[in-house]
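Engineer: You'll find target09.txt just under this line, and it carries compact mmCIF, C-alpha atoms.
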```txt
# COMPACT_ATOMS: atom_id res chain seq x y z
CA MET A 16 -15.95 -8.54 -16.71
CA SER A 17 -12.60 -7.34 -15.43
CA VAL A 18 -11.56 -7.28 -11.81
CA VAL A 19 -10.90 -3.82 -10.37
CA ARG A 20 -8.81 -3.74 -7.20
CA VAL A 21 -9.77 -0.96 -4.84
CA PRO A 22 -7.21 0.62 -2.48
CA PRO A 23 -8.11 0.99 1.21
CA VAL A 24 -8.50 4.72 0.85
CA LEU A 25 -11.38 4.22 -1.61
CA ARG A 26 -13.09 1.21 -0.11
CA GLN A 27 -15.71 3.20 1.70
CA GLU A 28 -16.94 4.36 -1.70
CA ALA A 29 -16.98 0.72 -2.82
CA GLY A 30 -19.08 -0.44 0.13
CA GLY A 31 -15.97 -1.86 1.77
CA ALA A 32 -15.09 -4.15 -1.14
CA ARG A 33 -11.44 -4.88 -1.94
CA GLU A 34 -12.37 -5.81 -5.48
CA VAL A 35 -15.28 -4.99 -7.74
CA GLU A 36 -16.14 -6.00 -11.28
CA ALA A 37 -16.63 -3.74 -14.25
CA SER A 38 -16.68 -4.18 -18.00
CA GLY A 39 -15.35 -2.27 -20.97
CA ALA A 40 -13.00 -2.71 -23.89
CA THR A 41 -10.94 0.29 -22.81
CA VAL A 42 -10.12 1.94 -19.49
CA ARG A 43 -12.54 4.73 -20.37
CA GLU A 44 -15.41 2.30 -20.93
CA LEU A 45 -14.52 0.36 -17.83
CA LEU A 46 -14.43 3.44 -15.60
CA GLU A 47 -17.71 4.67 -17.03
CA ASP A 48 -19.25 1.30 -16.23
CA LEU A 49 -17.75 1.50 -12.74
CA ALA A 50 -19.17 4.98 -12.27
CA ALA A 51 -22.62 3.75 -13.30
CA LYS A 52 -22.49 0.86 -10.83
CA LEU A 53 -20.73 2.65 -7.97
CA PRO A 54 -21.13 6.39 -8.52
CA ALA A 55 -19.33 7.36 -5.32
CA LEU A 56 -16.25 5.35 -6.30
CA GLY A 57 -16.38 6.33 -9.95
CA SER A 58 -16.54 10.03 -9.19
CA ARG A 59 -13.45 9.82 -6.97
CA VAL A 60 -11.43 8.27 -9.75
CA TYR A 61 -12.73 9.61 -13.03
CA GLY A 62 -14.57 12.60 -14.43
CA ASP A 63 -14.84 14.66 -17.60
CA GLY A 64 -13.01 11.97 -19.51
CA GLU A 65 -9.93 12.11 -17.32
CA ILE A 66 -8.43 10.25 -14.40
CA HIS A 67 -8.31 12.52 -11.37
CA SER A 68 -5.06 13.77 -9.92
CA PHE A 69 -3.48 11.54 -7.29
CA VAL A 70 -4.98 8.41 -8.82
CA ASN A 71 -2.91 5.94 -10.81
CA VAL A 72 -4.62 3.28 -12.92
CA TYR A 73 -2.83 0.10 -13.95
CA VAL A 74 -3.96 -2.55 -16.42
CA ASP A 75 -2.25 -5.88 -15.82
CA GLY A 76 0.40 -4.15 -13.76
CA GLU A 77 1.29 -1.37 -16.21
CA ASP A 78 0.48 2.30 -15.62
CA ILE A 79 -1.90 3.42 -18.35
CA ARG A 80 -0.01 6.70 -18.64
CA THR A 81 2.86 4.80 -20.26
CA ARG A 82 0.38 2.98 -22.52
CA ASP A 83 -2.59 4.65 -24.20
CA GLY A 84 -4.08 6.51 -21.26
CA VAL A 85 -7.84 6.03 -20.91
CA GLU A 86 -7.86 4.39 -24.35
CA THR A 87 -5.66 1.54 -23.09
CA PRO A 88 -7.34 -1.76 -24.05
CA VAL A 89 -8.79 -3.94 -21.31
CA ARG A 90 -9.51 -7.63 -21.69
CA ASP A 91 -12.03 -9.67 -19.73
CA SER A 92 -9.13 -11.41 -18.04
CA SER A 93 -7.43 -8.13 -17.13
CA THR A 94 -6.91 -6.96 -13.59
CA VAL A 95 -7.24 -3.23 -13.17
CA ILE A 96 -5.60 -1.70 -10.12
CA LEU A 97 -6.45 1.72 -8.72
CA LEU A 98 -3.79 3.26 -6.50
CA PRO A 99 -3.23 6.62 -4.91
CA ALA A 100 -0.28 8.43 -6.44
CA MET A 101 2.70 8.20 -4.19
CA ALA A 102 6.41 8.11 -4.10
CA GLY A 103 7.42 4.58 -4.97
CA GLY A 104 8.64 2.30 -2.26
CA SER A 105 7.28 4.54 0.33
CA LEU A 106 4.20 3.01 1.78
CA THR A 107 5.39 -0.41 2.57
CA SER A 108 6.95 0.46 5.88
CA PRO A 109 8.06 3.47 7.79
CA PRO A 110 11.33 2.03 9.04
CA ILE A 111 13.45 2.33 5.93
CA CYS A 112 11.57 4.56 3.62
CA ASP A 113 12.27 8.11 2.72
CA ARG A 114 8.87 9.24 1.72
CA PRO A 115 7.99 12.78 2.54
CA GLY A 116 4.30 11.99 2.61
CA SER A 117 2.19 14.98 1.91
CA ALA A 118 4.99 17.42 2.41
CA GLU A 119 4.68 20.51 0.31
CA PRO A 120 6.95 20.27 -2.68
CA THR A 121 9.38 23.03 -2.01
CA SER A 122 12.65 23.77 -3.68
CA PRO A 123 15.76 23.00 -1.66
CA ALA A 124 16.69 26.65 -1.76
CA ALA A 125 13.36 27.61 -0.26
CA ARG A 126 13.93 25.11 2.49
CA ARG A 127 17.26 26.52 3.42
CA ARG A 128 17.06 28.52 6.53
CA MET B 123 28.71 -12.10 -25.71
CA PRO B 124 27.86 -8.91 -23.85
CA PRO B 125 29.09 -5.55 -25.07
CA GLN B 126 32.64 -4.94 -24.03
CA PRO B 127 33.62 -1.96 -21.91
CA ARG B 128 35.03 0.89 -23.92
CA GLU B 129 37.65 1.64 -21.34
CA ASP B 130 38.48 0.96 -17.75
CA ASP B 131 39.14 4.05 -15.74
CA ARG B 132 37.65 2.97 -12.48
CA ARG B 133 39.25 4.75 -9.59
CA VAL B 134 41.01 2.36 -7.25
CA VAL B 135 42.81 4.78 -4.96
CA GLY B 136 40.80 7.60 -3.44
CA GLY B 137 41.93 10.43 -1.20
CA SER B 138 38.63 10.11 0.64
CA LEU B 139 35.83 7.59 0.72
CA LEU B 140 33.75 10.23 -1.04
CA ASP B 141 36.05 9.85 -4.06
CA LEU B 142 34.91 6.23 -4.31
CA ILE B 143 31.24 7.10 -4.74
CA GLY B 144 30.01 6.06 -8.17
CA ASN B 145 31.92 4.30 -10.94
CA THR B 146 30.11 1.14 -9.94
CA PRO B 147 30.67 -1.99 -12.01
CA LEU B 148 28.29 -3.73 -14.37
CA VAL B 149 27.96 -7.49 -14.34
CA GLU B 150 26.15 -9.75 -16.77
CA LEU B 151 23.31 -11.77 -15.27
CA GLU B 152 24.18 -14.74 -17.40
CA ARG B 153 21.81 -17.19 -15.77
CA LEU B 154 18.84 -14.87 -15.40
CA SER B 155 19.01 -13.27 -18.86
CA PRO B 156 16.54 -14.72 -21.38
CA PRO B 157 18.19 -16.63 -24.24
CA GLY B 158 19.83 -14.31 -26.75
CA ARG B 159 19.43 -11.23 -24.57
CA THR B 160 21.83 -9.72 -22.07
CA ILE B 161 20.85 -8.21 -18.75
CA LEU B 162 23.64 -6.22 -17.16
CA ALA B 163 23.28 -5.30 -13.50
CA LYS B 164 24.81 -2.06 -12.29
CA LEU B 165 25.92 -2.80 -8.76
CA GLU B 166 25.11 0.28 -6.73
CA GLY B 167 25.57 -1.74 -3.56
CA GLN B 168 29.30 -1.26 -4.15
CA ASN B 169 29.13 2.40 -3.16
CA PRO B 170 30.77 3.16 0.20
CA THR B 171 27.67 2.82 2.39
CA GLY B 172 26.22 0.11 0.18
CA SER B 173 23.61 1.98 -1.80
CA ILE B 174 22.96 4.26 -4.74
CA LYS B 175 21.99 7.01 -2.29
CA ASP B 176 25.65 7.85 -1.73
CA ARG B 177 25.59 9.58 -5.10
CA VAL B 178 22.50 11.60 -4.18
CA ALA B 179 23.66 12.50 -0.69
CA LEU B 180 27.02 13.80 -1.91
CA ALA B 181 25.46 15.81 -4.73
CA MET B 182 22.80 17.35 -2.48
CA VAL B 183 25.22 18.31 0.28
CA GLU B 184 27.65 19.87 -2.18
CA ALA B 185 24.84 21.78 -3.90
CA ALA B 186 23.53 23.02 -0.54
CA ASP B 187 26.89 24.66 0.24
CA LEU B 188 26.16 25.09 3.94
CA ARG B 189 27.32 28.18 5.76
CA PRO B 190 29.12 27.88 9.10
CA GLY B 191 26.66 27.05 11.85
CA GLN B 192 24.14 25.43 9.53
CA LYS B 193 23.35 21.75 9.92
CA LEU B 194 21.62 19.08 7.92
CA LEU B 195 18.14 17.80 8.74
CA GLU B 196 16.36 15.01 6.89
CA PRO B 197 13.29 12.91 7.65
CA THR B 198 14.80 9.55 6.80
CA SER B 199 15.83 6.30 8.27
CA GLY B 200 16.64 4.61 5.01
CA ASN B 201 19.58 4.47 2.69
CA THR B 202 19.53 8.22 2.16
CA GLY B 203 20.03 8.84 5.87
CA ILE B 204 22.99 6.50 6.04
CA SER B 205 24.54 8.08 2.95
CA LEU B 206 23.98 11.57 4.33
CA ALA B 207 25.55 10.49 7.60
CA LEU B 208 28.73 9.42 5.83
CA VAL B 209 28.93 12.57 3.74
CA ALA B 210 28.22 14.75 6.78
CA LYS B 211 30.91 13.01 8.81
CA LEU B 212 33.59 13.41 6.17
CA LYS B 213 32.67 17.01 5.49
CA GLY B 214 32.52 17.91 9.18
CA LEU B 215 28.80 18.66 9.18
CA GLU B 216 26.11 17.82 11.69
CA LEU B 217 23.19 15.66 10.58
CA THR B 218 19.89 15.19 12.35
CA CYS B 219 17.61 12.42 11.09
CA VAL B 220 13.95 12.43 12.05
CA MET B 221 12.67 8.89 12.06
CA PRO B 222 9.60 7.01 13.28
CA ASP B 223 10.19 5.59 16.76
CA ASN B 224 9.34 2.10 15.50
CA ALA B 225 12.19 2.04 12.99
CA THR B 226 14.23 -1.13 13.05
CA PRO B 227 17.10 -1.28 15.54
CA GLU B 228 19.58 -1.95 12.72
CA ARG B 229 18.68 1.28 11.00
CA ARG B 230 18.91 3.31 14.17
CA ALA B 231 22.22 1.72 15.12
CA LEU B 232 23.73 2.35 11.71
CA LEU B 233 22.79 6.02 11.73
CA GLU B 234 24.06 6.47 15.28
CA LEU B 235 27.32 4.69 14.51
CA TYR B 236 27.87 7.05 11.61
CA GLY B 237 27.36 9.94 14.01
CA ALA B 238 23.89 11.21 13.13
CA THR B 239 21.61 12.65 15.79
CA ILE B 240 18.22 10.96 15.84
CA VAL B 241 14.95 12.64 16.67
CA ASP B 242 11.99 10.29 17.10
CA SER B 243 8.65 10.92 15.50
CA PRO B 244 5.49 8.99 16.41
CA GLY B 245 5.70 5.55 14.82
CA ALA B 246 1.98 5.43 14.23
CA GLU B 247 2.26 8.40 11.91
CA GLY B 248 4.85 6.67 9.76
CA SER B 249 6.92 8.66 7.32
CA ASN B 250 4.38 11.45 7.16
CA GLY B 251 4.91 12.05 10.86
CA ALA B 252 8.67 12.18 10.39
CA VAL B 253 8.32 14.72 7.61
CA ARG B 254 5.92 16.83 9.62
CA LEU B 255 8.21 16.87 12.64
CA ALA B 256 11.24 17.69 10.49
CA GLN B 257 9.37 20.61 9.00
CA GLU B 258 8.45 21.85 12.47
CA LEU B 259 12.06 21.61 13.61
CA ALA B 260 13.24 23.50 10.53
CA ALA B 261 10.65 26.19 11.11
CA ARG B 262 11.73 26.64 14.73
CA ASP B 263 15.49 26.61 14.14
CA ASP B 264 16.90 28.45 11.17
CA ARG B 265 20.20 26.61 11.41
CA TYR B 266 18.58 23.52 9.90
CA VAL B 267 18.86 22.88 6.17
CA MET B 268 16.48 20.22 4.88
CA LEU B 269 17.78 18.73 1.64
CA PHE B 270 14.52 17.05 0.64
CA GLN B 271 15.62 14.51 -1.95
CA TYR B 272 12.17 14.28 -3.55
CA GLY B 273 12.34 17.85 -4.75
CA ASN B 274 16.07 18.43 -4.98
CA GLU B 275 17.41 18.82 -8.52
CA ALA B 276 20.82 17.65 -7.34
CA ASN B 277 19.26 14.19 -7.04
CA PRO B 278 18.57 13.54 -10.77
CA ARG B 279 21.68 15.53 -11.66
CA ALA B 280 23.81 13.06 -9.69
CA HIS B 281 22.44 10.32 -11.92
CA TYR B 282 22.81 12.33 -15.12
CA GLU B 283 26.44 13.06 -14.40
CA GLY B 284 27.18 9.79 -12.64
CA THR B 285 25.03 6.71 -13.19
CA GLY B 286 23.97 7.58 -16.73
CA ALA B 287 27.34 8.87 -17.86
CA GLU B 288 29.05 5.75 -16.55
CA ILE B 289 26.68 3.43 -18.42
CA ALA B 290 27.12 5.45 -21.62
CA ARG B 291 30.89 5.29 -21.15
CA ASP B 292 31.01 1.58 -20.35
CA LEU B 293 28.67 0.14 -22.98
CA SER B 294 28.33 0.41 -26.72
CA ARG B 295 24.70 -0.67 -26.80
CA VAL B 296 21.76 -0.20 -24.43
CA ASP B 297 18.23 -1.08 -25.53
CA ALA B 298 16.48 -0.65 -22.19
CA LEU B 299 17.14 0.84 -18.78
CA VAL B 300 15.26 -0.52 -15.77
CA ALA B 301 15.41 1.12 -12.35
CA GLY B 302 13.24 1.32 -9.27
CA LEU B 303 10.83 4.19 -8.84
CA GLY B 304 11.22 5.98 -5.53
CA THR B 305 12.03 9.66 -5.72
CA GLY B 306 12.35 9.36 -9.50
CA GLY B 307 15.92 10.65 -9.34
CA THR B 308 17.64 7.56 -10.73
CA LEU B 309 15.22 7.17 -13.60
CA MET B 310 15.05 10.82 -14.58
CA GLY B 311 18.77 11.55 -14.46
CA THR B 312 20.06 8.28 -15.88
CA ALA B 313 17.49 8.24 -18.67
CA ARG B 314 18.25 11.79 -19.76
CA ARG B 315 21.94 10.97 -20.09
CA LEU B 316 21.41 7.62 -21.80
CA ARG B 317 19.05 9.09 -24.38
CA GLU B 318 21.82 11.42 -25.50
CA THR B 319 23.96 8.42 -26.45
CA PHE B 320 21.27 5.83 -27.18
CA PRO B 321 18.28 7.81 -28.46
CA ARG B 322 16.03 4.75 -28.77
CA VAL B 323 16.66 3.39 -25.29
CA GLN B 324 13.48 2.26 -23.55
CA VAL B 325 13.19 3.63 -20.02
CA VAL B 326 11.27 1.39 -17.65
CA ALA B 327 10.26 2.03 -14.04
CA ALA B 328 9.79 -0.83 -11.60
CA GLU B 329 7.26 0.38 -9.07
CA PRO B 330 6.36 -1.23 -5.75
CA LEU B 331 2.83 -2.46 -5.29
CA PRO B 332 2.01 -1.23 -1.81
CA GLY B 333 0.53 -3.66 0.65
CA ASP B 334 -2.80 -3.03 2.28
CA PRO B 335 -1.84 -3.28 5.95
CA VAL B 336 0.50 -0.33 5.77
CA MET B 337 -1.17 1.64 3.08
CA GLY B 338 -1.60 4.53 5.38
CA LEU B 339 -3.13 7.28 3.31
CA ARG B 340 -6.19 8.79 4.85
CA SER B 341 -7.40 10.28 1.62
CA LEU B 342 -6.41 10.50 -2.00
CA GLU B 343 -5.39 14.07 -1.42
CA ASP B 344 -2.64 12.77 0.86
CA GLY B 345 -1.10 11.19 -2.21
CA TYR B 346 2.21 12.46 -3.33
CA VAL B 347 4.08 12.78 -6.59
CA PRO B 348 7.75 13.72 -6.18
CA PRO B 349 8.38 17.06 -7.87
CA ILE B 350 11.44 15.70 -9.67
CA LEU B 351 9.44 12.85 -11.25
CA ASP B 352 8.07 13.43 -14.75
CA VAL B 353 6.14 10.31 -15.72
CA SER B 354 6.00 11.46 -19.36
CA LYS B 355 9.74 10.73 -19.53
CA LEU B 356 9.12 7.05 -18.82
CA ASP B 357 8.37 4.57 -21.60
CA ARG B 358 6.89 2.01 -19.24
CA LYS B 359 5.93 1.88 -15.57
CA LEU B 360 5.31 -1.57 -14.16
CA LEU B 361 4.04 -2.62 -10.76
CA VAL B 362 5.92 -5.33 -8.91
CA SER B 363 4.51 -7.12 -5.90
CA ASN B 364 6.58 -7.83 -2.82
CA ASP B 365 6.38 -11.53 -3.63
CA GLU B 366 7.73 -11.01 -7.13
CA ALA B 367 10.49 -8.72 -5.89
CA ALA B 368 11.52 -11.11 -3.15
CA ALA B 369 11.49 -14.11 -5.47
CA ALA B 370 13.78 -12.28 -7.89
CA ALA B 371 16.07 -11.18 -5.05
CA ARG B 372 16.36 -14.81 -4.01
CA ALA B 373 17.01 -15.87 -7.61
CA LEU B 374 19.78 -13.28 -7.85
CA LEU B 375 21.46 -14.83 -4.84
CA ASP B 376 20.76 -18.47 -5.70
CA ARG B 377 21.66 -18.34 -9.38
CA GLU B 378 24.03 -15.42 -9.78
CA GLY B 379 25.56 -15.23 -6.30
CA LEU B 380 24.48 -11.63 -6.09
CA PHE B 381 23.22 -10.50 -2.69
CA ALA B 382 20.99 -7.53 -3.39
CA GLY B 383 18.09 -5.71 -1.77
CA VAL B 384 14.44 -6.33 -2.46
CA SER B 385 14.10 -3.32 -4.76
CA ALA B 386 16.91 -4.82 -6.83
CA GLY B 387 14.81 -7.96 -7.03
CA ALA B 388 11.92 -5.90 -8.37
CA VAL B 389 14.17 -4.31 -10.97
CA VAL B 390 15.48 -7.69 -12.10
CA HIS B 391 11.94 -9.06 -12.26
CA VAL B 392 11.00 -6.25 -14.64
CA ALA B 393 14.29 -6.44 -16.55
CA ARG B 394 13.64 -10.08 -17.39
CA ARG B 395 10.16 -9.29 -18.64
CA VAL B 396 11.41 -6.39 -20.74
CA ALA B 397 14.33 -8.41 -22.11
CA GLU B 398 12.00 -11.22 -23.16
CA GLU B 399 9.93 -8.75 -25.14
CA LEU B 400 12.93 -7.20 -26.91
CA PRO B 401 14.59 -8.74 -30.01
CA GLU B 402 17.52 -11.12 -29.74
CA GLY B 403 20.80 -9.36 -29.16
CA SER B 404 19.20 -6.69 -26.97
CA VAL B 405 21.00 -5.30 -23.95
CA VAL B 406 19.08 -4.32 -20.82
CA VAL B 407 20.73 -2.42 -17.98
CA ALA B 408 19.21 -3.02 -14.55
CA VAL B 409 20.20 -0.58 -11.81
CA LEU B 410 20.38 -2.50 -8.51
CA ALA B 411 20.06 0.14 -5.82
CA ASP B 412 21.62 -1.66 -2.90
CA GLY B 413 22.99 -4.85 -1.44
CA GLY B 414 21.04 -7.26 0.71
CA TRP B 415 22.92 -6.58 3.94
CA LYS B 416 20.47 -4.10 5.39
CA TYR B 417 17.59 -6.53 4.90
CA LEU B 418 19.03 -9.55 6.66
CA SER B 419 16.28 -9.55 9.26
CA ALA B 420 13.60 -9.55 6.57
CA PRO B 421 11.89 -12.91 6.22
CA PHE B 422 12.05 -13.36 2.48
CA TRP B 423 15.52 -14.88 2.18
CA SER B 424 14.24 -18.12 3.57
CA GLY B 425 11.41 -18.25 1.10
CA GLU B 426 8.71 -17.65 3.68
CA GLU B 427 5.58 -15.95 2.66
CA ILE B 428 6.19 -12.27 2.87
CA ASP B 429 4.39 -9.90 5.09
CA GLU B 430 3.13 -7.04 2.98
CA ALA B 431 5.09 -4.76 5.26
CA VAL B 432 8.35 -5.90 3.78
CA LEU B 433 9.89 -3.00 2.17
CA TRP B 434 11.94 -1.50 -0.50
CA TRP B 435 14.45 1.14 0.28
```
Can the structure from this file be put into structure tokens for me?
Structural biologist:
Amino acid sequence: MSVVRVPPVLRQEAGGAREVEASGATVRELLEDLAAKLPALGSRVYGDGEIHSFVNVYVDGEDIRTRDGVETPVRDSSTVILLPAMAGGSLTSPPICDRPGSAEPTSPAARRR
Amino acid sequence: MPPQPREDDRRVVGGSLLDLIGNTPLVELERLSPPGRTILAKLEGQNPTGSIKDRVALAMVEAADLRPGQKLLEPTSGNTGISLALVAKLKGLELTCVMPDNATPERRALLELYGATIVDSPGAEGSNGAVRLAQELAARDDRYVMLFQYGNEANPRAHYEGTGAEIARDLSRVDALVAGLGTGGTLMGTARRLRETFPRVQVVAAEPLPGDPVMGLRSLEDGYVPPILDVSKLDRKLLVSNDEAAAAARALLDREGLFAGVSAGAVVHVARRVAEELPEGSVVVAVLADGGWKYLSAPFWSGEEIDEAVLWW
């Protein structure tokens, strides 16, 4: 069993849990197991063989998109982290961050008035 | 023995402080590099306002080419705001920064001292609130120009033409580049330039692991991917906890005498891991985004346990 860390935004779907357990030799197998155990959580993260938009999945701290995607191997000792996609460095505090939040991505030219 | 610089054409006399943006030095992290590998830190804290954002601010303002009567507006209280304030001052432009009303006094004071006008947004709404208010202001007043660093192509271009070109000029070998992931500008621009000279360079993002207490998204759909960030251009993307970043920032100071910000700590944490995994003789460049001065009130210098709200840049 691997530990799956659940972000606050998805904890309702995990019955309030910060961490859940799931098993699988790859991220795909693990997420399918997660979806079987916690369908509400699984469906927010994964469907039709793909990770949904705005969700990042990390195995032992590395984004699976820079490894083998859903075929990235998972070990029993692995920690899998689910995170909402976001501009890095942005959530940790408002005071010194520059995150535009959910601002519409607009070209600078379009923003010129 | 680290690679020797090819030449030394660093500018030492500038007609304006803006001429001194970029051309930052590299220094070997002799004590923190794994045996047989070399980590070179690019000291972006040596830019005029103390951060890498000076490059971005200058490039964005010059690309915007404001008409008379127009003025700059940006939802920021971080390094970008301070850099924009300097550039605006020296170019005779007005800058309005929209910032949460609970921003630290140091940040507010710095922006005001540089001459920026500050508009408060509700602190409880965090950065999203600042962005929303800035957008409302821009919609109401057509004199405002919002530069929007997350979607502004001048941001990565500043790193292609500056940060990356300087590294390619200064070094004869680079096996990996490590930089923090914020807007994606540093990584995208620097990597594109370095790959032209060092086609096999590994590009690695150090990404902050957000802390629960301030993880303020209401739904996944509030998530955000900067338009200028293309994750497929990264070879690796590694999470770094606040604890790991702070420990590395302390190690930089304790062992190398280098006073750098917490994101620099994260980058060094990742650079050490990457260097250990590379063959002997490898050279890793770590881009340290800023100095530690703006984080003096943060608790981690003393080695205390860090509140998850401690931040990056």
Engineer: Neighbouring residues of Ala386 (chain B) were defined as those with any atom within 7 Å, considering all atoms listed in the file; residues of the same chain fewer than 4 positions away were excluded. Please report them as a list in words.
Structural biologist: Ala371, Ala382, Val390, Leu410, Ala411 and Asp412 of chain B
Engineer: Those selected residues, please, written with C-alpha atoms and delivered as a PDB file, in the coordinates of the input.
Structural biologist:
```
ATOM      1  CA  ALA B 371      16.070 -11.180  -5.050  1.00  0.00           C
ATOM      2  CA  ALA B 382      20.990  -7.530  -3.390  1.00  0.00           C
ATOM      3  CA  VAL B 390      15.480  -7.690 -12.100  1.00  0.00           C
ATOM      4  CA  LEU B 410      20.380  -2.500  -8.510  1.00  0.00           C
ATOM      5  CA  ALA B 411      20.060   0.140  -5.820  1.00  0.00           C
ATOM      6  CA  ASP B 412      21.620  -1.660  -2.900  1.00  0.00           C
TER       7      ASP B 412
END
```
Engineer: Can you work out which one of B:Gly307, B:Gly284, B:Pro170, B:Pro401 has the shortest atom-to-atom distance to chain A, counting only C-alpha atoms?
Structural biologist: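 Result for the nearest residue to chain A: B:Gly307.
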Engineer: Neighbourhood query: residues within 12 Å of (-19.2, 1.4, -14.0), file coordinates, counting only C-alpha atoms; return as a PyMOL selection string.
Structural biologist: chain A and resi 16-19+29+35-39+42-58+60-61
Engineer: Grab the residues selected above and save them as a PDB file, keeping the file's coordinate frame with C-alpha atoms.
Structural biologist:
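New file result-v8.pdb:
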```
ATOM      1  CA  MET A  16     -15.950  -8.540 -16.710  1.00  0.00           C
ATOM      2  CA  SER A  17     -12.600  -7.340 -15.430  1.00  0.00           C
ATOM      3  CA  VAL A  18     -11.560  -7.280 -11.810  1.00  0.00           C
ATOM      4  CA  VAL A  19     -10.900  -3.820 -10.370  1.00  0.00           C
ATOM      5  CA  ALA A  29     -16.980   0.720  -2.820  1.00  0.00           C
ATOM      6  CA  VAL A  35     -15.280  -4.990  -7.740  1.00  0.00           C
ATOM      7  CA  GLU A  36     -16.140  -6.000 -11.280  1.00  0.00           C
ATOM      8  CA  ALA A  37     -16.630  -3.740 -14.250  1.00  0.00           C
ATOM      9  CA  SER A  38     -16.680  -4.180 -18.000  1.00  0.00           C
ATOM     10  CA  GLY A  39     -15.350  -2.270 -20.970  1.00  0.00           C
ATOM     11  CA  VAL A  42     -10.120   1.940 -19.490  1.00  0.00           C
ATOM     12  CA  ARG A  43     -12.540   4.730 -20.370  1.00  0.00           C
ATOM     13  CA  GLU A  44     -15.410   2.300 -20.930  1.00  0.00           C
ATOM     14  CA  LEU A  45     -14.520   0.360 -17.830  1.00  0.00           C
ATOM     15  CA  LEU A  46     -14.430   3.440 -15.600  1.00  0.00           C
ATOM     16  CA  GLU A  47     -17.710   4.670 -17.030  1.00  0.00           C
ATOM     17  CA  ASP A  48     -19.250   1.300 -16.230  1.00  0.00           C
ATOM     18  CA  LEU A  49     -17.750   1.500 -12.740  1.00  0.00           C
ATOM     19  CA  ALA A  50     -19.170   4.980 -12.270  1.00  0.00           C
ATOM     20  CA  ALA A  51     -22.620   3.750 -13.300  1.00  0.00           C
ATOM     21  CA  LYS A  52     -22.490   0.860 -10.830  1.00  0.00           C
ATOM     22  CA  LEU A  53     -20.730   2.650  -7.970  1.00  0.00           C
ATOM     23  CA  PRO A  54     -21.130   6.390  -8.520  1.00  0.00           C
ATOM     24  CA  ALA A  55     -19.330   7.360  -5.320  1.00  0.00           C
ATOM     25  CA  LEU A  56     -16.250   5.350  -6.300  1.00  0.00           C
ATOM     26  CA  GLY A  57     -16.380   6.330  -9.950  1.00  0.00           C
ATOM     27  CA  SER A  58     -16.540  10.030  -9.190  1.00  0.00           C
ATOM     28  CA  VAL A  60     -11.430   8.270  -9.750  1.00  0.00           C
ATOM     29  CA  TYR A  61     -12.730   9.610 -13.030  1.00  0.00           C
TER      30      TYR A  61
END
```
Engineer: By how many Å are CA of Val241 (chain B) and CA of Lys211 (chain B) apart?
Structural biologist: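 According to the coordinates, CA of Val241 (chain B) and CA of Lys211 (chain B) are separated by 17.8 Å.
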Engineer: If you measure from CA of Ala225 (chain B) to CA of Pro332 (chain B), what distance in Å do you get, rounded to one decimal?
Structural biologist: 18.3 Å
Engineer: To one decimal place, how far is CA of Gly306 (chain B) from CA of Val362 (chain B) in Å?
Structural biologist: 16.0 Å
Engineer: Pick out the residues sitting within 12 Å of Asn71 (chain A), and hand them over as a JSON list (two decimals) with C-alpha atoms, keeping the file's coordinate frame; count all atoms listed in the file, and ignore anything fewer than 5 positions along from it in its own chain.
Structural biologist:
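So part_22.json came out as:
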```json
[["chain", "number", "residue", "atom", "x", "y", "z"],
["A", 20, "ARG", "CA", -8.81, -3.74, -7.20],
["A", 21, "VAL", "CA", -9.77, -0.96, -4.84],
["A", 22, "PRO", "CA", -7.21, 0.62, -2.48],
["A", 42, "VAL", "CA", -10.12, 1.94, -19.49],
["A", 59, "ARG", "CA", -13.45, 9.82, -6.97],
["A", 60, "VAL", "CA", -11.43, 8.27, -9.75],
["A", 61, "TYR", "CA", -12.73, 9.61, -13.03],
["A", 65, "GLU", "CA", -9.93, 12.11, -17.32],
["A", 66, "ILE", "CA", -8.43, 10.25, -14.40],
["A", 76, "GLY", "CA", 0.40, -4.15, -13.76],
["A", 77, "GLU", "CA", 1.29, -1.37, -16.21],
["A", 78, "ASP", "CA", 0.48, 2.30, -15.62],
["A", 79, "ILE", "CA", -1.90, 3.42, -18.35],
["A", 80, "ARG", "CA", -0.01, 6.70, -18.64],
["A", 81, "THR", "CA", 2.86, 4.80, -20.26],
["A", 84, "GLY", "CA", -4.08, 6.51, -21.26],
["A", 85, "VAL", "CA", -7.84, 6.03, -20.91],
["A", 95, "VAL", "CA", -7.24, -3.23, -13.17],
["A", 96, "ILE", "CA", -5.60, -1.70, -10.12],
["A", 97, "LEU", "CA", -6.45, 1.72, -8.72],
["A", 98, "LEU", "CA", -3.79, 3.26, -6.50],
["A", 99, "PRO", "CA", -3.23, 6.62, -4.91],
["A", 100, "ALA", "CA", -0.28, 8.43, -6.44],
["A", 101, "MET", "CA", 2.70, 8.20, -4.19],
["A", 102, "ALA", "CA", 6.41, 8.11, -4.10],
["A", 103, "GLY", "CA", 7.42, 4.58, -4.97],
["B", 329, "GLU", "CA", 7.26, 0.38, -9.07],
["B", 331, "LEU", "CA", 2.83, -2.46, -5.29],
["B", 342, "LEU", "CA", -6.41, 10.50, -2.00],
["B", 345, "GLY", "CA", -1.10, 11.19, -2.21],
["B", 346, "TYR", "CA", 2.21, 12.46, -3.33],
["B", 347, "VAL", "CA", 4.08, 12.78, -6.59],
["B", 353, "VAL", "CA", 6.14, 10.31, -15.72],
["B", 359, "LYS", "CA", 5.93, 1.88, -15.57],
["B", 360, "LEU", "CA", 5.31, -1.57, -14.16],
["B", 361, "LEU", "CA", 4.04, -2.62, -10.76]]
```
Engineer: Please provide the set of residues having any atom within 10 Å of Arg177 (chain B), restricted to all atoms listed in the file, with same-chain residues fewer than 5 positions apart removed, written as a list in words.
Structural biologist: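 Answer for this query is Leu140, Leu142, Ile143, Gly144, Glu166, Asn169, Pro170, Met182, Thr202, Ser205, Leu206, Val209, Ala276, Asn277, Pro278, Arg279, Ala280, His281, Glu283, Gly284, Thr285 and Thr308 of chain B.
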